[in-house]
file upload.cif (mmCIF, C-alpha atoms and all ligand atoms)
data_coords
#
loop_
_atom_site.label_atom_id
_atom_site.label_comp_id
_atom_site.auth_asym_id
_atom_site.auth_seq_id
_atom_site.Cartn_x
_atom_site.Cartn_y
_atom_site.Cartn_z
CA MET E 1 -72.62 97.73 -37.89
CA ALA E 2 -74.76 97.85 -40.99
CA GLU E 3 -77.23 94.98 -41.17
CA HIS E 4 -76.14 92.22 -43.52
CA LYS E 5 -78.57 90.10 -45.41
CA SER E 6 -76.19 87.56 -46.84
CA LEU E 7 -74.72 85.16 -44.29
CA ALA E 8 -71.49 84.86 -46.29
CA ALA E 9 -71.14 88.65 -46.48
CA ALA E 10 -71.57 88.91 -42.71
CA CYS E 11 -68.85 86.30 -42.15
CA ARG E 12 -66.60 88.03 -44.63
CA CYS E 13 -66.97 91.21 -42.62
CA VAL E 14 -65.50 89.41 -39.57
CA LEU E 15 -62.51 88.25 -41.63
CA THR E 16 -61.80 91.62 -43.22
CA THR E 17 -61.93 93.56 -39.93
CA GLN E 18 -58.42 94.41 -38.87
CA GLU E 19 -58.70 95.69 -35.32
CA PRO E 20 -58.94 92.70 -32.93
CA ARG E 21 -61.53 94.04 -30.48
CA GLU E 22 -63.65 95.28 -33.34
CA LYS E 23 -63.36 91.88 -35.04
CA ALA E 24 -64.51 90.19 -31.82
CA ALA E 25 -67.44 92.61 -31.47
CA ILE E 26 -68.56 92.05 -35.07
CA ALA E 27 -68.23 88.28 -34.60
CA ARG E 28 -70.60 88.42 -31.63
CA GLN E 29 -73.00 90.64 -33.54
CA VAL E 30 -73.05 88.29 -36.54
CA ALA E 31 -73.75 85.31 -34.26
CA ASP E 32 -76.54 87.30 -32.67
CA ASP E 33 -77.99 88.28 -36.03
CA TRP E 34 -78.00 84.63 -37.11
CA ARG E 35 -79.76 83.64 -33.90
CA HIS E 36 -82.42 86.24 -34.56
CA GLY E 37 -82.98 85.16 -38.16
CA LYS E 38 -81.56 88.33 -39.68
CA LEU E 39 -79.17 86.53 -42.02
CA ALA E 40 -80.03 84.44 -45.04
CA ARG E 41 -77.92 81.49 -46.05
CA ASP E 42 -76.46 82.01 -49.54
CA SER E 43 -77.35 79.46 -52.17
CA GLY E 44 -73.91 79.25 -53.79
CA ALA E 45 -70.31 79.26 -52.56
CA PRO E 46 -68.94 82.80 -52.26
CA THR E 47 -66.62 84.06 -54.96
CA ASP E 48 -63.35 85.91 -54.24
CA TRP E 49 -63.28 84.79 -50.62
CA PRO E 50 -60.22 86.21 -48.79
CA ASP E 51 -57.35 83.73 -48.46
CA ARG E 52 -56.22 85.34 -45.24
CA PRO E 53 -58.03 87.39 -42.62
CA ALA E 54 -57.06 91.01 -42.01
CA ARG E 55 -54.52 91.34 -39.23
CA PRO E 56 -53.66 94.35 -37.07
CA LEU E 57 -50.29 96.11 -37.45
CA LYS E 58 -49.28 94.66 -34.10
CA PRO E 59 -48.36 91.98 -33.10
CA GLN E 60 -45.46 91.39 -35.41
CA LEU E 61 -46.04 87.99 -37.03
CA LEU E 62 -43.04 85.67 -37.16
CA PRO E 63 -42.51 82.29 -38.78
CA PRO E 64 -42.79 79.62 -36.05
CA ARG E 65 -39.03 78.93 -36.14
CA ASP E 66 -38.23 82.58 -35.37
CA MET E 67 -40.48 82.79 -32.32
CA PRO E 68 -38.50 83.60 -29.17
CA ARG E 69 -38.39 80.62 -26.83
CA ARG E 70 -40.61 81.21 -23.85
CA LYS E 71 -39.91 80.19 -20.33
CA MET E 72 -43.13 79.39 -18.55
CA SER E 73 -41.60 80.15 -15.18
CA GLY E 74 -41.85 83.66 -13.85
CA GLN E 75 -44.47 86.28 -14.43
CA SER E 76 -43.14 87.39 -17.80
CA GLY E 77 -43.33 83.81 -19.04
CA ARG E 78 -46.93 83.52 -17.92
CA LYS E 79 -47.81 86.82 -19.56
CA ALA E 80 -46.20 85.63 -22.79
CA GLN E 81 -48.28 82.46 -22.51
CA LEU E 82 -51.50 84.48 -22.14
CA HIS E 83 -50.45 86.63 -25.10
CA ALA E 84 -49.90 83.51 -27.21
CA LEU E 85 -53.31 82.20 -26.18
CA ALA E 86 -54.99 85.50 -27.08
CA HIS E 87 -53.37 85.21 -30.50
CA ILE E 88 -54.71 81.68 -30.91
CA GLU E 89 -58.21 82.85 -29.95
CA LEU E 90 -58.06 85.73 -32.42
CA ASN E 91 -57.21 83.23 -35.16
CA ALA E 92 -59.98 80.95 -33.90
CA ILE E 93 -62.56 83.73 -34.46
CA ASP E 94 -61.52 83.95 -38.10
CA LEU E 95 -61.41 80.16 -38.42
CA ALA E 96 -65.04 79.83 -37.33
CA PHE E 97 -66.35 82.51 -39.68
CA ASP E 98 -64.14 81.32 -42.52
CA LEU E 99 -65.64 77.87 -42.12
CA ILE E 100 -69.21 79.19 -42.21
CA GLY E 101 -68.68 81.59 -45.11
CA ARG E 102 -66.53 79.39 -47.28
CA PHE E 103 -68.76 76.35 -46.82
CA VAL E 104 -72.06 78.21 -46.66
CA ASP E 105 -73.52 75.96 -49.37
CA ALA E 106 -72.50 72.69 -47.67
CA PRO E 107 -75.24 70.06 -48.00
CA LEU E 108 -76.08 70.31 -44.31
CA GLU E 109 -79.00 71.79 -42.44
CA ASP E 110 -78.92 75.14 -40.67
CA ASP E 111 -77.90 73.50 -37.38
CA PHE E 112 -74.46 73.23 -38.92
CA ILE E 113 -74.29 77.03 -39.22
CA THR E 114 -75.77 77.47 -35.76
CA ASP E 115 -73.07 75.27 -34.20
CA TRP E 116 -70.20 77.20 -35.79
CA MET E 117 -71.80 80.55 -34.96
CA ARG E 118 -71.77 79.47 -31.33
CA VAL E 119 -68.11 78.44 -31.70
CA GLY E 120 -67.26 81.79 -33.31
CA ALA E 121 -69.03 83.72 -30.55
CA ASP E 122 -67.16 81.63 -27.94
CA GLU E 123 -63.81 82.40 -29.58
CA ALA E 124 -64.63 86.12 -29.58
CA ARG E 125 -65.46 85.92 -25.87
CA HIS E 126 -62.23 84.00 -25.21
CA PHE E 127 -60.16 86.57 -27.07
CA LEU E 128 -61.71 89.51 -25.22
CA MET E 129 -61.32 87.76 -21.87
CA LEU E 130 -57.60 87.16 -22.45
CA ALA E 131 -57.00 90.61 -23.96
CA ASP E 132 -58.63 92.17 -20.85
CA ARG E 133 -56.53 89.95 -18.58
CA LEU E 134 -53.37 91.12 -20.38
CA VAL E 135 -54.40 94.74 -19.71
CA GLU E 136 -54.79 93.91 -16.02
CA LEU E 137 -51.23 92.59 -16.16
CA ASP E 138 -49.98 95.81 -17.84
CA MET E 139 -49.73 94.38 -21.31
CA ASP E 140 -51.70 94.71 -24.53
CA TYR E 141 -52.39 92.12 -27.16
CA GLY E 142 -49.84 93.05 -29.82
CA ASP E 143 -46.99 93.86 -27.42
CA LEU E 144 -45.15 90.62 -28.19
CA PRO E 145 -44.47 88.95 -31.52
CA ALA E 146 -46.83 86.15 -32.46
CA HIS E 147 -46.79 82.95 -34.43
CA ASP E 148 -47.70 83.30 -38.11
CA GLY E 149 -48.28 79.61 -38.77
CA LEU E 150 -51.82 79.40 -37.45
CA TRP E 151 -53.62 80.28 -40.65
CA GLN E 152 -51.75 77.69 -42.68
CA ALA E 153 -54.14 74.88 -41.72
CA ALA E 154 -57.11 76.96 -42.83
CA PHE E 155 -55.47 77.80 -46.13
CA ASP E 156 -54.44 74.19 -46.78
CA THR E 157 -57.97 72.94 -46.21
CA ARG E 158 -59.84 75.74 -47.97
CA HIS E 159 -61.36 73.52 -50.67
CA LYS E 160 -62.80 70.69 -48.67
CA LEU E 161 -65.04 70.68 -45.64
CA LEU E 162 -64.02 67.15 -44.57
CA ALA E 163 -60.39 68.26 -44.57
CA ARG E 164 -61.17 71.46 -42.68
CA LEU E 165 -63.14 69.65 -39.98
CA SER E 166 -60.41 67.04 -39.62
CA ILE E 167 -57.53 69.44 -39.22
CA VAL E 168 -59.02 72.39 -37.37
CA PRO E 169 -61.37 71.05 -34.68
CA LEU E 170 -60.25 67.41 -34.62
CA VAL E 171 -56.49 67.93 -34.71
CA LEU E 172 -55.71 71.46 -33.56
CA GLU E 173 -58.50 72.14 -31.09
CA ALA E 174 -58.24 68.57 -29.77
CA ARG E 175 -54.54 69.28 -29.18
CA GLY E 176 -55.64 72.25 -27.09
CA LEU E 177 -57.54 69.82 -24.86
CA ASP E 178 -54.34 67.79 -24.42
CA VAL E 179 -52.18 70.69 -23.28
CA THR E 180 -54.54 72.97 -21.35
CA PRO E 181 -54.79 71.07 -18.02
CA ALA E 182 -51.02 71.33 -17.42
CA MET E 183 -51.16 75.01 -18.29
CA MET E 184 -54.00 75.62 -15.83
CA GLU E 185 -51.96 73.92 -13.16
CA LYS E 186 -48.96 76.17 -13.82
CA PHE E 187 -51.05 79.30 -13.37
CA GLN E 188 -52.59 77.87 -10.26
CA ARG E 189 -49.22 76.96 -8.79
CA ALA E 190 -48.02 80.50 -9.47
CA GLY E 191 -51.03 81.84 -7.52
CA ASP E 192 -52.67 83.37 -10.59
CA GLU E 193 -56.12 82.00 -9.87
CA LYS E 194 -57.84 84.44 -12.19
CA SER E 195 -55.94 83.35 -15.29
CA ALA E 196 -56.29 79.69 -14.26
CA ARG E 197 -60.05 80.16 -14.03
CA MET E 198 -60.16 81.70 -17.50
CA LEU E 199 -58.25 78.75 -18.90
CA SER E 200 -60.70 76.38 -17.32
CA ILE E 201 -63.66 78.23 -18.90
CA ILE E 202 -61.90 78.06 -22.27
CA TYR E 203 -61.12 74.37 -21.75
CA GLU E 204 -64.76 73.47 -21.14
CA ASP E 205 -65.90 75.53 -24.15
CA GLU E 206 -63.26 73.98 -26.40
CA LYS E 207 -64.59 70.51 -25.64
CA THR E 208 -67.86 71.62 -27.23
CA HIS E 209 -65.96 72.88 -30.29
CA VAL E 210 -64.29 69.51 -30.77
CA PHE E 211 -67.71 67.95 -30.23
CA ALA E 212 -69.17 70.05 -33.07
CA GLY E 213 -66.23 69.03 -35.26
CA SER E 214 -66.79 65.32 -34.54
CA LYS E 215 -70.52 65.59 -35.01
CA TRP E 216 -70.38 67.17 -38.47
CA PHE E 217 -67.39 65.16 -39.61
CA LEU E 218 -69.20 61.91 -38.74
CA ARG E 219 -72.33 63.17 -40.39
CA LEU E 220 -70.54 64.00 -43.66
CA CYS E 221 -68.81 60.61 -43.68
CA ASN E 222 -72.14 58.92 -43.08
CA ASP E 223 -73.83 60.87 -45.89
CA ASP E 224 -71.00 60.01 -48.28
CA GLY E 225 -70.73 56.35 -47.20
CA LEU E 226 -67.15 56.82 -45.96
CA ASP E 227 -65.44 55.00 -43.11
CA PRO E 228 -64.83 57.84 -40.62
CA ALA E 229 -61.53 56.67 -39.11
CA GLU E 230 -60.11 55.85 -42.51
CA CYS E 231 -61.26 59.18 -43.90
CA PHE E 232 -59.81 61.09 -40.94
CA ARG E 233 -56.43 59.42 -41.39
CA LYS E 234 -56.47 60.21 -45.07
CA GLN E 235 -57.06 63.90 -44.31
CA LEU E 236 -54.23 63.79 -41.77
CA LYS E 237 -51.89 62.37 -44.36
CA ASN E 238 -52.90 64.86 -47.04
CA HIS E 239 -53.25 68.02 -44.99
CA PHE E 240 -51.31 67.67 -41.77
CA GLY E 241 -47.58 67.28 -42.06
CA GLY E 242 -46.65 65.93 -38.67
CA ALA E 243 -47.93 62.90 -36.83
CA LEU E 244 -50.33 63.49 -33.95
CA LYS E 245 -48.44 64.21 -30.77
CA PRO E 246 -49.18 62.15 -27.67
CA PRO E 247 -49.85 62.18 -24.78
CA PHE E 248 -53.56 62.51 -25.52
CA ASN E 249 -56.11 63.69 -23.01
CA ILE E 250 -58.33 60.69 -23.65
CA GLU E 251 -60.90 61.65 -21.04
CA ALA E 252 -61.50 65.10 -22.57
CA ARG E 253 -61.39 63.70 -26.11
CA ASP E 254 -64.00 61.11 -25.13
CA GLU E 255 -66.15 63.85 -23.66
CA ALA E 256 -65.79 65.74 -26.93
CA GLY E 257 -67.06 62.74 -28.88
CA LEU E 258 -63.80 62.20 -30.73
CA PRO E 259 -63.67 58.48 -31.55
CA ARG E 260 -60.57 56.82 -30.09
CA ASN E 261 -59.85 54.89 -33.25
CA PHE E 262 -59.20 58.23 -35.00
CA TYR E 263 -56.00 58.80 -33.07
CA VAL E 264 -55.02 56.03 -30.66
CA ASP E 265 -53.09 53.91 -33.12
CA ALA E 266 -52.54 56.77 -35.57
CA VAL E 267 -49.42 57.78 -33.59
FE FE P 301 -61.29 79.42 -27.93
FE FE P 302 -62.30 76.67 -30.21
#

call {"tool": "encode", "arguments": {"input": "upload.cif", "output": "structure tokens", "more": "lines below"}}
Ligand SMILES: [Fe+2]
Ligand SMILES: [Fe+2]
result
Amino acid sequence: MAEHKSLAAACRCVLTTQEPREKAAIARQVADDWRHGKLARDSGAPTDWPDRPARPLKPQLLPPRDMPRRKMSGQSGRKAQLHALAHIELNAIDLAFDLIGRFVDAPLEDDFITDWMRVGADEARHFLMLADRLVELDMDYGDLPAHDGLWQAAFDTRHKLLARLSIVPLVLEARGLDVTPAMMEKFQRAGDEKSARMLSIIYEDEKTHVFAGSKWFLRLCNDDGLDPAECFRKQLKNHFGGALKPPFNIEARDEAGLPRNFYVDAV
């Protein structure tokens, strides 16, 4: 990859790369370049930022309502589950670099960028891990249709960092913490230890992503003199159609630094 000087341009390169494994490789390279001081933070917000990331020809993307219903039982159900997770991780790569690039001029120190670079590199590793696991199970990422609703939250929150942090890490990734333990158990029960182990690695990493979301959300509220719980609920109302879905994994959410008063009586 050619060396980028502008941080936003490097992030843009992740978004505009179509081939998933190449996207993941560039994501890791960009995170590495940031770590080694090779990228300079842009002084202004980027112009003509892409509204959507480039997507490969496969998988076919379907509106959520047209997605075939999956049975989790049986090997084909578990493979479909891994495929769906790989798709989520691919979107998560773009979400991290979209956040950095779009909000490159946020009034926050470089630690903010460093945190999301680490998240982006994690998501790339998660995607590659799941894509490799699919190959071991005689399947490729792209072999099944995938959900096209995942980018909507990014698009809906493209103008405001507080909104983005609320909906992506604090709603969607926190939801991942709620549902993953049961999923790990299903793989374990089916004797697929290897996939279960991968899910547990992802689960631990995702806690740190929610943690980064909480940390910077609280910081922005503090800087702007806003009440965090009130502000979070306002973002939910404006940018997240449905109510939060219990049951919540309170233990994991606590570990991830997500204040209980954000969601406990927001149901
Ligand atoms: Fe992930
Ligand atoms: Fe994540």

call {"tool": "residues_near_ligand", "arguments": {"input": "upload.cif", "ligand": "ligand FE 302 (chain P)", "cutoff": "6 Å", "atoms": "all atoms listed in the file", "output": "PyMOL selection string"}}
result
chain E and resi 123+173+206+209

call {"tool": "write_last_selection", "arguments": {"input": "upload.cif", "atoms": "C-alpha atoms", "output": "CSV table (one decimal), in the frame of the given file"}}
result
chain,number,residue,atom,x,y,z
E,123,GLU,CA,-63.8,82.4,-29.6
E,173,GLU,CA,-58.5,72.1,-31.1
E,206,GLU,CA,-63.3,74.0,-26.4
E,209,HIS,CA,-66.0,72.9,-30.3

call {"tool": "residues_near_point", "arguments": {"input": "upload.cif", "point": "(-69.3, 70.5, -37.0)", "cutoff": "12 Å", "atoms": "only C-alpha atoms", "output": "ChimeraX atom specification"}}
result
/E:96,99-100,103,106,108-119,161-166,168-170,208-221,256-258

call {"tool": "axis_aligned_box", "arguments": {"input": "upload.cif", "around": "region 7-19 of chain E", "padding_each_side": "8 Å", "output": "AutoDock Vina command-line options"}}
result
--center_x -66.6 --center_y 90.3 --center_z -40.9 --size_x 32.3 --size_y 26.8 --size_z 27.2

call {"tool": "residues_around", "arguments": {"input": "upload.cif", "residues": "Pro20 (chain E)", "least_positions_apart": "2", "cutoff": "8 Å", "atoms": "all atoms listed in the file", "output": "VMD selection string"}}
result
chain E and resid 17 to 18 22 to 24 55 to 56 90

call {"tool": "residues_around", "arguments": {"input": "upload.cif", "residues": "Asp148 (chain E)", "least_positions_apart": "6", "cutoff": "9 Å", "atoms": "only C-alpha atoms", "output": "list in words"}}
result
Gln60, Leu61, Leu62, Pro63 and Pro64 of chain E

call {"tool": "residues_near_ligand", "arguments": {"input": "upload.cif", "ligand": "ligand FE 301 (chain P)", "cutoff": "10 Å", "atoms": "only C-alpha atoms and all ligand atoms", "output": "list in words"}}
result
Leu85, Ala86, Ile88, Glu89, Leu90, Asn91, Ala92, Ile93, Val119, Gly120, Ala121, Asp122, Glu123, Ala124, Arg125, His126, Phe127, Glu173, Gly176, Leu199, Ile201, Ile202, Tyr203, Glu204, Asp205, Glu206, Lys207 and His209 of chain E

call {"tool": "residues_around", "arguments": {"input": "upload.cif", "residues": "Thr47 (chain E)", "least_positions_apart": "2", "cutoff": "10 Å", "atoms": "all atoms listed in the file", "output": "list of chain:residue names"}}
result
E:Ala8, E:Gly44, E:Ala45, E:Trp49, E:Pro50, E:Arg102

call {"tool": "residues_around", "arguments": {"input": "upload.cif", "residues": "region 238-247 of chain E", "least_positions_apart": "3", "cutoff": "8 Å", "atoms": "only C-alpha atoms", "output": "MDAnalysis selection string"}}
result
chainID E and resid 153 156:157 163 167 171 178 234:235 263 266:267

call {"tool": "residues_around", "arguments": {"input": "upload.cif", "residues": "Pro59 (chain E)", "least_positions_apart": "4", "cutoff": "7 Å", "atoms": "only C-alpha atoms", "output": "number ranges by chain"}}
result
E: 142-146
